[in-house]
$ cat input20.cif   # mmCIF, C-alpha atoms and all ligand atoms
data_protein
loop_
_atom_site.group_PDB
_atom_site.id
_atom_site.type_symbol
_atom_site.label_atom_id
_atom_site.label_comp_id
_atom_site.auth_asym_id
_atom_site.auth_seq_id
_atom_site.Cartn_x
_atom_site.Cartn_y
_atom_site.Cartn_z
ATOM 1 C CA MET A 3 -49.611 62.670 -5.421
ATOM 2 C CA LYS A 4 -46.599 64.163 -7.132
ATOM 3 C CA ARG A 5 -48.324 67.439 -7.945
ATOM 4 C CA SER A 6 -49.955 67.883 -4.565
ATOM 5 C CA LYS A 7 -46.680 67.120 -2.759
ATOM 6 C CA ALA A 8 -44.797 69.443 -5.031
ATOM 7 C CA ALA A 9 -47.210 72.192 -4.220
ATOM 8 C CA GLY A 10 -47.099 71.158 -0.599
ATOM 9 C CA ALA A 11 -43.341 71.559 -0.598
ATOM 10 C CA LYS A 12 -43.885 75.299 -0.769
ATOM 11 C CA ASP A 13 -45.651 74.962 2.513
ATOM 12 C CA ALA A 14 -43.997 72.010 4.163
ATOM 13 C CA GLY A 15 -45.432 73.125 7.445
ATOM 14 C CA ALA A 16 -48.905 72.263 6.154
ATOM 15 C CA ALA A 17 -47.986 68.794 4.930
ATOM 16 C CA SER A 18 -45.322 67.777 7.366
ATOM 17 C CA PRO A 19 -46.916 67.916 10.807
ATOM 18 C CA ARG A 20 -49.276 65.111 9.767
ATOM 19 C CA LYS A 21 -46.302 62.937 9.016
ATOM 20 C CA ALA A 22 -44.401 64.229 11.978
ATOM 21 C CA ALA A 23 -47.337 63.395 14.238
ATOM 22 C CA GLY A 24 -47.305 59.866 12.811
ATOM 23 C CA SER A 25 -43.620 59.774 13.563
ATOM 24 C CA ALA A 26 -44.168 60.628 17.196
ATOM 25 C CA GLY A 27 -46.573 57.675 17.447
ATOM 26 C CA ALA A 28 -44.078 55.441 15.698
ATOM 27 C CA SER A 29 -41.365 56.608 18.090
ATOM 28 C CA ARG A 30 -43.516 55.659 21.078
ATOM 29 C CA LYS A 31 -44.182 52.205 19.581
ATOM 30 C CA ALA A 32 -40.510 51.741 18.884
ATOM 31 C CA ALA A 33 -39.688 52.713 22.450
ATOM 32 C CA ALA A 34 -41.995 49.951 23.734
ATOM 33 C CA ARG A 35 -40.122 47.255 21.794
ATOM 34 C CA PRO A 36 -36.527 46.220 22.301
ATOM 35 C CA ALA A 37 -34.493 47.771 19.468
ATOM 36 C CA ARG A 38 -33.490 45.282 16.791
ATOM 37 C CA PRO A 39 -30.658 45.976 14.406
ATOM 38 C CA GLU A 40 -31.954 46.928 10.968
ATOM 39 C CA SER A 41 -31.284 44.302 8.314
ATOM 40 C CA ARG A 42 -29.410 45.281 5.193
ATOM 41 C CA LEU A 43 -32.558 44.778 3.125
ATOM 42 C CA ALA A 44 -34.609 46.966 5.459
ATOM 43 C CA LEU A 45 -31.924 49.667 5.336
ATOM 44 C CA VAL A 46 -31.865 49.663 1.535
ATOM 45 C CA ARG A 47 -35.658 49.848 1.407
ATOM 46 C CA ARG A 48 -35.820 52.676 3.955
ATOM 47 C CA ALA A 49 -33.038 54.615 2.223
ATOM 48 C CA ARG A 50 -34.751 54.339 -1.140
ATOM 49 C CA ARG A 51 -38.067 55.343 0.372
ATOM 50 C CA ILE A 52 -36.497 58.461 1.861
ATOM 51 C CA ASN A 53 -35.076 59.265 -1.567
ATOM 52 C CA ARG A 54 -38.524 58.855 -3.162
ATOM 53 C CA GLU A 55 -40.143 61.047 -0.518
ATOM 54 C CA LEU A 56 -37.493 63.735 -0.982
ATOM 55 C CA ALA A 57 -38.038 63.577 -4.748
ATOM 56 C CA GLU A 58 -41.694 64.420 -4.154
ATOM 57 C CA VAL A 59 -40.926 67.223 -1.717
ATOM 58 C CA TYR A 60 -38.158 68.723 -3.891
ATOM 59 C CA PRO A 61 -39.062 67.928 -7.536
ATOM 60 C CA TYR A 62 -37.115 71.089 -8.409
ATOM 61 C CA ALA A 63 -33.880 70.117 -6.586
ATOM 62 C CA HIS A 64 -30.877 71.425 -8.531
ATOM 63 C CA PRO A 65 -27.311 72.646 -8.055
ATOM 64 C CA GLU A 66 -27.537 75.959 -6.202
ATOM 65 C CA LEU A 67 -24.503 77.497 -7.853
ATOM 66 C CA ASP A 68 -25.105 79.728 -10.893
ATOM 67 C CA PHE A 69 -23.070 78.564 -13.898
ATOM 68 C CA GLU A 70 -23.248 78.476 -17.674
ATOM 69 C CA ASN A 71 -20.480 76.022 -18.515
ATOM 70 C CA SER A 72 -18.197 73.448 -16.920
ATOM 71 C CA PHE A 73 -15.397 75.971 -16.262
ATOM 72 C CA GLN A 74 -17.761 78.282 -14.397
ATOM 73 C CA LEU A 75 -19.121 75.371 -12.353
ATOM 74 C CA LEU A 76 -15.612 74.232 -11.472
ATOM 75 C CA VAL A 77 -14.586 77.730 -10.358
ATOM 76 C CA ALA A 78 -17.833 78.309 -8.441
ATOM 77 C CA THR A 79 -17.479 74.980 -6.639
ATOM 78 C CA VAL A 80 -13.918 75.779 -5.570
ATOM 79 C CA LEU A 81 -15.147 79.157 -4.288
ATOM 80 C CA SER A 82 -18.020 77.549 -2.357
ATOM 81 C CA ALA A 83 -15.766 76.075 0.347
ATOM 82 C CA GLN A 84 -16.546 77.635 3.731
ATOM 83 C CA THR A 85 -19.143 80.039 2.405
ATOM 84 C CA THR A 86 -22.710 79.955 1.095
ATOM 85 C CA ASP A 87 -23.693 79.265 -2.493
ATOM 86 C CA LEU A 88 -25.517 82.599 -2.307
ATOM 87 C CA ARG A 89 -22.273 84.442 -1.589
ATOM 88 C CA VAL A 90 -20.565 82.641 -4.467
ATOM 89 C CA ASN A 91 -23.442 83.441 -6.828
ATOM 90 C CA GLN A 92 -23.236 87.094 -5.852
ATOM 91 C CA THR A 93 -19.491 87.102 -6.539
ATOM 92 C CA THR A 94 -19.143 85.153 -9.784
ATOM 93 C CA PRO A 95 -20.911 87.469 -12.291
ATOM 94 C CA ALA A 96 -18.088 90.032 -12.049
ATOM 95 C CA LEU A 97 -15.458 87.290 -11.909
ATOM 96 C CA PHE A 98 -16.669 85.531 -15.063
ATOM 97 C CA ALA A 99 -17.086 88.843 -16.861
ATOM 98 C CA ALA A 100 -13.418 89.635 -16.139
ATOM 99 C CA TYR A 101 -12.058 86.133 -16.823
ATOM 100 C CA PRO A 102 -14.415 84.142 -19.056
ATOM 101 C CA THR A 103 -11.955 81.367 -19.985
ATOM 102 C CA PRO A 104 -9.209 79.351 -18.269
ATOM 103 C CA GLU A 105 -6.646 81.199 -20.367
ATOM 104 C CA ASP A 106 -7.972 84.565 -19.153
ATOM 105 C CA MET A 107 -7.998 83.470 -15.526
ATOM 106 C CA ALA A 108 -4.547 81.882 -15.710
ATOM 107 C CA ALA A 109 -3.173 85.231 -16.900
ATOM 108 C CA ALA A 110 -4.972 87.259 -14.213
ATOM 109 C CA ASP A 111 -3.150 89.620 -11.905
ATOM 110 C CA PRO A 112 -3.265 87.705 -8.572
ATOM 111 C CA GLU A 113 -4.207 90.793 -6.552
ATOM 112 C CA ALA A 114 -7.023 91.741 -8.920
ATOM 113 C CA LEU A 115 -8.343 88.181 -8.783
ATOM 114 C CA GLU A 116 -8.140 88.165 -4.978
ATOM 115 C CA GLN A 117 -10.170 91.352 -4.763
ATOM 116 C CA LEU A 118 -12.893 89.968 -7.021
ATOM 117 C CA ILE A 119 -13.340 86.804 -4.953
ATOM 118 C CA ARG A 120 -12.745 88.438 -1.571
ATOM 119 C CA PRO A 121 -16.440 88.192 -0.475
ATOM 120 C CA THR A 122 -16.208 84.379 -0.516
ATOM 121 C CA GLY A 123 -13.565 84.300 2.239
ATOM 122 C CA PHE A 124 -10.145 82.572 2.239
ATOM 123 C CA PHE A 125 -9.597 84.635 -0.887
ATOM 124 C CA ARG A 126 -5.801 84.322 -1.053
ATOM 125 C CA ALA A 127 -5.820 80.525 -0.950
ATOM 126 C CA LYS A 128 -8.801 80.366 -3.306
ATOM 127 C CA ALA A 129 -7.108 82.736 -5.779
ATOM 128 C CA LYS A 130 -4.050 80.495 -5.728
ATOM 129 C CA SER A 131 -6.220 77.470 -6.498
ATOM 130 C CA LEU A 132 -8.017 79.292 -9.336
ATOM 131 C CA LEU A 133 -4.769 80.467 -10.907
ATOM 132 C CA GLY A 134 -3.299 76.973 -10.597
ATOM 133 C CA LEU A 135 -6.293 75.114 -11.957
ATOM 134 C CA SER A 136 -6.749 77.583 -14.832
ATOM 135 C CA ALA A 137 -3.087 77.203 -15.820
ATOM 136 C CA ALA A 138 -3.422 73.413 -15.618
ATOM 137 C CA LEU A 139 -6.541 73.485 -17.820
ATOM 138 C CA ARG A 140 -4.697 75.688 -20.326
ATOM 139 C CA ASP A 141 -1.456 73.692 -20.310
ATOM 140 C CA ARG A 142 -2.622 70.110 -19.850
ATOM 141 C CA PHE A 143 -6.195 69.933 -21.096
ATOM 142 C CA GLY A 144 -6.313 72.274 -24.091
ATOM 143 C CA GLY A 145 -8.284 74.914 -22.173
ATOM 144 C CA GLU A 146 -11.153 72.468 -21.517
ATOM 145 C CA VAL A 147 -12.439 71.018 -18.246
ATOM 146 C CA PRO A 148 -11.776 67.261 -18.390
ATOM 147 C CA GLY A 149 -14.751 64.934 -17.949
ATOM 148 C CA ARG A 150 -12.950 62.256 -15.912
ATOM 149 C CA LEU A 151 -12.629 62.115 -12.142
ATOM 150 C CA GLU A 152 -9.016 60.978 -12.286
ATOM 151 C CA ASP A 153 -8.109 64.084 -14.318
ATOM 152 C CA LEU A 154 -10.211 66.540 -12.311
ATOM 153 C CA VAL A 155 -8.633 65.589 -8.979
ATOM 154 C CA THR A 156 -5.179 66.453 -10.346
ATOM 155 C CA LEU A 157 -6.225 70.136 -10.566
ATOM 156 C CA PRO A 158 -5.168 72.438 -7.694
ATOM 157 C CA GLY A 159 -7.933 72.864 -5.096
ATOM 158 C CA VAL A 160 -10.062 70.095 -6.615
ATOM 159 C CA GLY A 161 -10.896 66.983 -4.582
ATOM 160 C CA ARG A 162 -13.496 64.258 -5.044
ATOM 161 C CA LYS A 163 -16.381 66.423 -3.856
ATOM 162 C CA THR A 164 -15.697 69.201 -6.368
ATOM 163 C CA ALA A 165 -14.948 66.659 -9.105
ATOM 164 C CA ASN A 166 -18.259 64.866 -8.495
ATOM 165 C CA VAL A 167 -20.187 68.146 -8.564
ATOM 166 C CA VAL A 168 -18.663 68.986 -11.947
ATOM 167 C CA LEU A 169 -19.086 65.490 -13.365
ATOM 168 C CA GLY A 170 -22.686 65.172 -12.202
ATOM 169 C CA ASN A 171 -23.876 68.604 -13.258
ATOM 170 C CA ALA A 172 -21.776 69.547 -16.281
ATOM 171 C CA PHE A 173 -21.075 66.116 -17.798
ATOM 172 C CA GLY A 174 -24.060 64.001 -16.751
ATOM 173 C CA VAL A 175 -21.758 61.468 -15.056
ATOM 174 C CA PRO A 176 -23.437 60.162 -11.864
ATOM 175 C CA GLY A 177 -21.675 61.206 -8.682
ATOM 176 C CA LEU A 178 -22.363 61.662 -4.952
ATOM 177 C CA THR A 179 -21.531 65.040 -3.422
ATOM 178 C CA VAL A 180 -20.490 64.349 0.149
ATOM 179 C CA ASP A 181 -20.501 67.832 1.627
ATOM 180 C CA THR A 182 -21.253 68.805 5.222
ATOM 181 C CA HIS A 183 -25.052 68.532 4.733
ATOM 182 C CA PHE A 184 -24.873 65.185 2.983
ATOM 183 C CA GLY A 185 -22.620 63.673 5.658
ATOM 184 C CA ARG A 186 -24.730 64.998 8.539
ATOM 185 C CA LEU A 187 -28.049 63.756 7.122
ATOM 186 C CA VAL A 188 -26.937 60.280 6.083
ATOM 187 C CA ARG A 189 -25.494 59.785 9.561
ATOM 188 C CA ARG A 190 -28.758 60.986 11.159
ATOM 189 C CA TRP A 191 -30.604 58.509 8.971
ATOM 190 C CA LYS A 192 -28.166 55.734 10.008
ATOM 191 C CA TRP A 193 -27.302 55.009 6.411
ATOM 192 C CA THR A 194 -23.698 55.059 7.570
ATOM 193 C CA GLY A 195 -21.720 55.711 10.723
ATOM 194 C CA GLU A 196 -18.622 56.815 8.829
ATOM 195 C CA GLU A 197 -17.159 60.307 9.116
ATOM 196 C CA ASP A 198 -14.593 60.057 6.334
ATOM 197 C CA PRO A 199 -16.181 61.477 3.137
ATOM 198 C CA GLU A 200 -14.709 58.797 0.884
ATOM 199 C CA LYS A 201 -16.046 55.999 3.085
ATOM 200 C CA VAL A 202 -19.431 57.756 3.296
ATOM 201 C CA GLU A 203 -19.478 58.018 -0.492
ATOM 202 C CA ALA A 204 -18.714 54.325 -0.934
ATOM 203 C CA GLN A 205 -21.358 53.208 1.579
ATOM 204 C CA ILE A 206 -24.127 55.398 0.165
ATOM 205 C CA ALA A 207 -23.197 54.453 -3.398
ATOM 206 C CA ALA A 208 -23.886 50.830 -2.463
ATOM 207 C CA LEU A 209 -27.461 51.653 -1.372
ATOM 208 C CA PHE A 210 -28.618 53.203 -4.655
ATOM 209 C CA PRO A 211 -28.387 52.626 -8.389
ATOM 210 C CA LYS A 212 -25.829 54.879 -10.049
ATOM 211 C CA SER A 213 -28.523 56.686 -12.006
ATOM 212 C CA GLU A 214 -29.847 58.144 -8.705
ATOM 213 C CA TRP A 215 -26.571 59.469 -7.332
ATOM 214 C CA THR A 216 -26.592 63.030 -8.671
ATOM 215 C CA MET A 217 -30.228 63.828 -7.896
ATOM 216 C CA LEU A 218 -30.016 62.065 -4.532
ATOM 217 C CA SER A 219 -27.153 64.425 -3.653
ATOM 218 C CA HIS A 220 -29.195 67.497 -4.602
ATOM 219 C CA ARG A 221 -32.223 66.305 -2.624
ATOM 220 C CA ILE A 222 -30.196 65.571 0.502
ATOM 221 C CA ILE A 223 -28.402 68.909 0.338
ATOM 222 C CA PHE A 224 -31.727 70.704 -0.259
ATOM 223 C CA HIS A 225 -33.200 68.990 2.793
ATOM 224 C CA GLY A 226 -30.149 69.776 4.914
ATOM 225 C CA ARG A 227 -30.299 73.448 3.998
ATOM 226 C CA ARG A 228 -34.034 73.841 4.460
ATOM 227 C CA VAL A 229 -35.207 71.437 7.160
ATOM 228 C CA CYS A 230 -32.558 69.210 8.746
ATOM 229 C CA HIS A 231 -30.174 71.922 9.903
ATOM 230 C CA ALA A 232 -26.966 71.212 11.781
ATOM 231 C CA ARG A 233 -27.983 72.873 15.043
ATOM 232 C CA LYS A 234 -31.763 73.069 14.951
ATOM 233 C CA PRO A 235 -33.363 70.437 12.727
ATOM 234 C CA ALA A 236 -37.051 71.155 12.133
ATOM 235 C CA CYS A 237 -38.271 67.642 12.995
ATOM 236 C CA GLY A 238 -41.860 68.769 13.622
ATOM 237 C CA ALA A 239 -42.119 70.058 10.037
ATOM 238 C CA CYS A 240 -40.093 67.304 8.402
ATOM 239 C CA PRO A 241 -41.849 65.294 5.695
ATOM 240 C CA ILE A 242 -39.639 62.247 6.220
ATOM 241 C CA ALA A 243 -39.909 62.172 10.022
ATOM 242 C CA PRO A 244 -41.614 58.724 10.059
ATOM 243 C CA LEU A 245 -38.569 57.255 8.310
ATOM 244 C CA CYS A 246 -35.940 59.003 10.420
ATOM 245 C CA PRO A 247 -34.296 57.304 13.404
ATOM 246 C CA SER A 248 -33.110 60.710 14.639
ATOM 247 C CA TYR A 249 -36.595 62.249 14.859
ATOM 248 C CA GLY A 250 -36.609 64.353 18.013
ATOM 249 C CA GLU A 251 -33.032 65.542 17.679
ATOM 250 C CA GLY A 252 -34.525 68.903 16.753
ATOM 251 C CA GLU A 253 -37.698 70.905 17.401
ATOM 252 C CA THR A 254 -40.771 68.635 17.331
ATOM 253 C CA ASP A 255 -43.479 71.229 17.942
ATOM 254 C CA PRO A 256 -45.011 71.725 14.464
ATOM 255 C CA ASP A 257 -45.521 75.478 14.784
ATOM 256 C CA LYS A 258 -42.076 76.146 16.201
ATOM 257 C CA ALA A 259 -40.493 73.780 13.672
ATOM 258 C CA LYS A 260 -42.221 75.538 10.773
ATOM 259 C CA LYS A 261 -40.510 78.777 11.772
ATOM 260 C CA LEU A 262 -37.125 77.070 11.320
ATOM 261 C CA LEU A 263 -37.699 76.257 7.625
ATOM 262 C CA LYS A 264 -35.489 78.136 5.184
ATOM 263 C CA TYR A 265 -35.376 79.327 1.596
ATOM 264 C CA GLU A 266 -38.535 78.617 -0.430
ATOM 265 C CA LEU A 267 -39.985 76.438 2.362
ATOM 266 C CA GLY A 268 -39.656 79.350 4.751
ATOM 267 C CA GLY A 269 -40.904 81.943 2.248
ATOM 268 C CA GLN A 270 -37.396 83.348 1.798
ATOM 269 C CA PRO A 271 -35.325 83.950 -1.363
ATOM 270 C CA GLY A 272 -33.250 81.050 -2.681
ATOM 271 C CA GLN A 273 -29.505 81.048 -3.237
ATOM 272 C CA ARG A 274 -29.422 81.426 -7.018
ATOM 273 C CA LEU A 275 -29.657 84.786 -8.728
ATOM 274 C CA ARG A 276 -30.933 82.882 -11.756
ATOM 275 C CA PRO A 277 -32.817 79.823 -10.470
ATOM 276 C CA PRO A 278 -34.332 77.292 -12.884
ATOM 277 C CA ALA A 279 -37.847 77.999 -14.187
ATOM 278 C CA ASP A 280 -39.442 75.325 -11.969
ATOM 279 C CA TYR A 281 -37.994 76.719 -8.738
ATOM 280 C CA PRO A 282 -41.008 77.722 -6.646
ATOM 281 C CA GLY A 283 -39.190 80.344 -4.540
ATOM 282 C CA ARG A 284 -37.836 83.807 -5.190
ATOM 283 C CA PRO A 285 -34.407 84.457 -6.752
ATOM 284 C CA ALA A 286 -31.622 85.793 -4.528
ATOM 285 C CA ALA A 287 -30.603 89.436 -4.687
ATOM 286 C CA PRO A 288 -27.285 90.565 -6.219
ATOM 287 C CA LEU A 289 -24.378 91.452 -3.947
ATOM 288 C CA GLY A 290 -25.152 94.467 -1.804
ATOM 289 C CA ALA A 291 -28.795 94.701 -2.925
ATOM 290 C CA THR A 292 -30.296 94.325 0.528
ATOM 291 C CA ALA A 293 -28.687 93.293 3.754
ATOM 292 C CA ALA A 294 -31.727 91.189 4.667
ATOM 293 C CA ALA A 295 -31.594 89.182 1.444
ATOM 294 C CA GLU A 296 -27.914 88.547 1.889
ATOM 295 C CA ALA A 297 -28.359 87.472 5.476
ATOM 296 C CA THR A 298 -30.990 84.886 4.569
ATOM 297 C CA SER A 299 -28.604 81.979 4.386
ATOM 298 C CA ALA A 300 -25.632 83.350 6.261
ATOM 299 C CA ALA A 301 -25.873 80.600 8.860
ATOM 300 C CA GLU A 302 -25.825 77.815 6.281
ATOM 301 C CA VAL A 303 -22.185 77.480 5.405
ATOM 302 C CA THR A 304 -20.882 74.660 3.255
ATOM 303 C CA ALA A 305 -17.805 73.323 4.960
ATOM 304 C CA PRO A 306 -15.198 71.447 2.966
ATOM 305 C CA ALA A 307 -15.641 67.682 2.795
ATOM 306 C CA ASP A 308 -11.940 67.082 3.217
ATOM 307 C CA ALA A 309 -10.600 68.937 6.201
ATOM 308 C CA THR A 310 -7.059 67.958 5.286
ATOM 309 C CA SER A 311 -6.970 70.332 2.332
ATOM 310 C CA PRO A 312 -4.793 73.400 2.639
ATOM 311 C CA ALA A 313 -6.684 76.281 4.244
ATOM 312 C CA GLY A 314 -9.859 74.252 3.867
ATOM 313 C CA VAL A 315 -10.204 75.445 0.311
ATOM 314 C CA GLY A 316 -11.817 73.562 -2.516
ATOM 315 C CA GLU A 317 -12.176 70.259 -0.696
HETATM 316 S S1 LIG B 401 -33.429 64.690 12.232
HETATM 317 FE FE1 LIG B 401 -35.446 65.646 12.240
HETATM 318 S S2 LIG B 401 -35.360 67.155 10.552
HETATM 319 FE FE2 LIG B 401 -33.657 65.704 10.247
HETATM 320 S S3 LIG B 401 -34.499 64.185 8.839
HETATM 321 FE FE3 LIG B 401 -34.785 63.424 10.939
HETATM 322 S S4 LIG B 401 -36.871 64.071 11.474
HETATM 323 FE FE4 LIG B 401 -36.228 65.258 9.697
#

$ encode --input "input20.cif" --output "structure tokens"
Amino acid sequence: MKRSKAAGAKDAGAASPRKAAGSAGASRKAAARPARPESRLALVRRARRINRELAEVYPYAHPELDFENSFQLLVATVLSAQTTDLRVNQTTPALFAAYPTPEDMAAADPEALEQLIRPTGFFRAKAKSLLGLSAALRDRFGGEVPGRLEDLVTLPGVGRKTANVVLGNAFGVPGLTVDTHFGRLVRRWKWTGEEDPEKVEAQIAALFPKSEWTMLSHRIIFHGRRVCHARKPACGACPIAPLCPSYGEGETDPDKAKKLLKYELGGQPGQRLRPPADYPGRPAAPLGATAAAEATSAAEVTAPADATSPAGVGE
């Protein structure tokens, strides 16, 4: 089952319509009955089943930012606000070559730093955050990225979302990444009705064991980027349609829905220039390589989880 689904994930359009068709039948049945509120137990079971299904569809789910150490992941995550991971990945090779350590970045000429990160947008505010967090790492943490949430959130431009990304992926500490995709999908699935990222995080954390948090975040974000888009969810090609109370919010025609799939599910390059070995898609192209490759994910922008942050940067 695992292998065939994994292979099927490359061609979700082949596997999904069967499930989506089942979903349409289920929707009709549901419409015939008066709606009953879902019990807590039923919600937990459905949520965990969605997680298991997503694990089979995306066995290769991973962070889509290129990084080699915790400092690079921290910087890349700060840069990812209001732009695509692809754009960040195309920008960071030159940035990390110029400033490989917090000490190097803290001593950077602000204008030179701004120019290097300019393609990620909001470059003045982001440069300020990078200079501030690098100086803080140098002065308060011995040039190392701290492995505790309470320390990470004291760094300029770093909120809970960025801290959880770093903890989960550089330190192996379980964390939920409540970004724009995560929030949208868990609300569509009626796992929560909250809008505030911290409340969303707390409610979803209560549905799953801690050990699942980091991979659950990757799977949800993968699904949001590939299938369950903000404006046009591909319901007719969605492998979890039978479990989704929002089935029908997007395109239900299987053929039309299949055309909406993105990245490896849509036969397009992924976001990483250096994806993991088990990634079934193609790597992204470097900055300026081809306009088409760069445009692949231009519509999928990761908005900050915390809109109260200055200039929307970092969190
Ligand atoms: S809204 Fe549509 S695309 Fe999103 S999870 Fe539900 S069925 Fe799938």

$ resolve_selection --input "input20.cif" --expression "the PyMOL selection byres (((chain A and resi 158-173) around 9) and not hetatm)" --output "NGL selection string"
:A and (64-65 or 71-73 or 75-76 or 79-80 or 127-128 or 130-136 or 138 or 149-157 or 174-181 or 199-200 or 215-217 or 306-308 or 311-312 or 315-317)

$ closest_residue --input "input20.cif" --among "A:Asp106, A:Asp280, A:Asp87, A:Glu55" --to "ligand LIG 401 (chain B)" --atoms "only C-alpha atoms and all ligand atoms"
A:Glu55

$ resolve_selection --input "input20.cif" --expression "the PyMOL selection byres (((not hetatm)) within 6 of (chain B and resi 401))" --output "PyMOL selection string"
chain A and resi 229-230+235-237+240+242-243+246+248-249+251-252

$ write_last_selection --input "input20.cif" --atoms "C-alpha atoms" --output "PDB file, in the frame of the given file"
ATOM      1  CA  VAL A 229     -35.207  71.437   7.160  1.00  0.00           C
ATOM      2  CA  CYS A 230     -32.558  69.210   8.746  1.00  0.00           C
ATOM      3  CA  PRO A 235     -33.363  70.437  12.727  1.00  0.00           C
ATOM      4  CA  ALA A 236     -37.051  71.155  12.133  1.00  0.00           C
ATOM      5  CA  CYS A 237     -38.271  67.642  12.995  1.00  0.00           C
ATOM      6  CA  CYS A 240     -40.093  67.304   8.402  1.00  0.00           C
ATOM      7  CA  ILE A 242     -39.639  62.247   6.220  1.00  0.00           C
ATOM      8  CA  ALA A 243     -39.909  62.172  10.022  1.00  0.00           C
ATOM      9  CA  CYS A 246     -35.940  59.003  10.420  1.00  0.00           C
ATOM     10  CA  SER A 248     -33.110  60.710  14.639  1.00  0.00           C
ATOM     11  CA  TYR A 249     -36.595  62.249  14.859  1.00  0.00           C
ATOM     12  CA  GLU A 251     -33.032  65.542  17.679  1.00  0.00           C
ATOM     13  CA  GLY A 252     -34.525  68.903  16.753  1.00  0.00           C
TER      14      GLY A 252
END

$ resolve_selection --input "input20.cif" --expression "the PyMOL selection byres (((chain A and resi 247) around 12) and not hetatm)" --output "JSON, numbers by chain"
{"A": [25, 26, 28, 29, 32, 33, 37, 39, 40, 45, 48, 49, 52, 187, 188, 189, 190, 191, 192, 193, 237, 242, 243, 244, 245, 246, 248, 249, 250, 251]}

$ atom_distance --input "input20.cif" --atom1 "CA of Arg50 in chain A" --atom2 "CA of His231 in chain A"
21.3 Å

$ atom_distance --input "input20.cif" --atom1 "CA of Leu118 in chain A" --atom2 "CA of Gln92 in chain A"
10.8 Å

$ atom_distance --input "input20.cif" --atom1 "CA of Val77 in chain A" --atom2 "CA of Pro271 in chain A"
23.4 Å

$ residues_around --input "input20.cif" --residues "Pro112 in chain A" --least-positions-apart "2" --cutoff "8 Å" --atoms "all atoms listed in the file" --output "list in words"
Ala110, Ala114, Leu115, Glu116, Ala129, Lys130 and Leu133 of chain A

$ residues_near_point --input "input20.cif" --point "(-22.9, 81.5, -2.0)" --cutoff "9 Å" --atoms "all atoms listed in the file" --output "list of chain:residue names"
A:Glu66, A:Leu67, A:Ala78, A:Leu81, A:Ser82, A:Thr85, A:Thr86, A:Asp87, A:Leu88, A:Arg89, A:Val90, A:Asn91, A:Gln92, A:Thr93, A:Thr122, A:Gln273, A:Arg274, A:Ser299, A:Ala300, A:Val303, A:Thr304

$ closest_residue --input "input20.cif" --among "A:Gly185, A:Ala239, A:Gly272, A:Gly290" --to "Ile222 in chain A" --atoms "all atoms listed in the file"
A:Gly185

$ axis_aligned_box --input "input20.cif" --around "range 264-283 of chain A" --padding-each-side "5 Å" --output "lines of an AutoDock Vina configuration file"
center_x = -35.2
center_y = 80.1
center_z = -4.5
size_x = 21.6
size_y = 19.5
size_z = 29.4
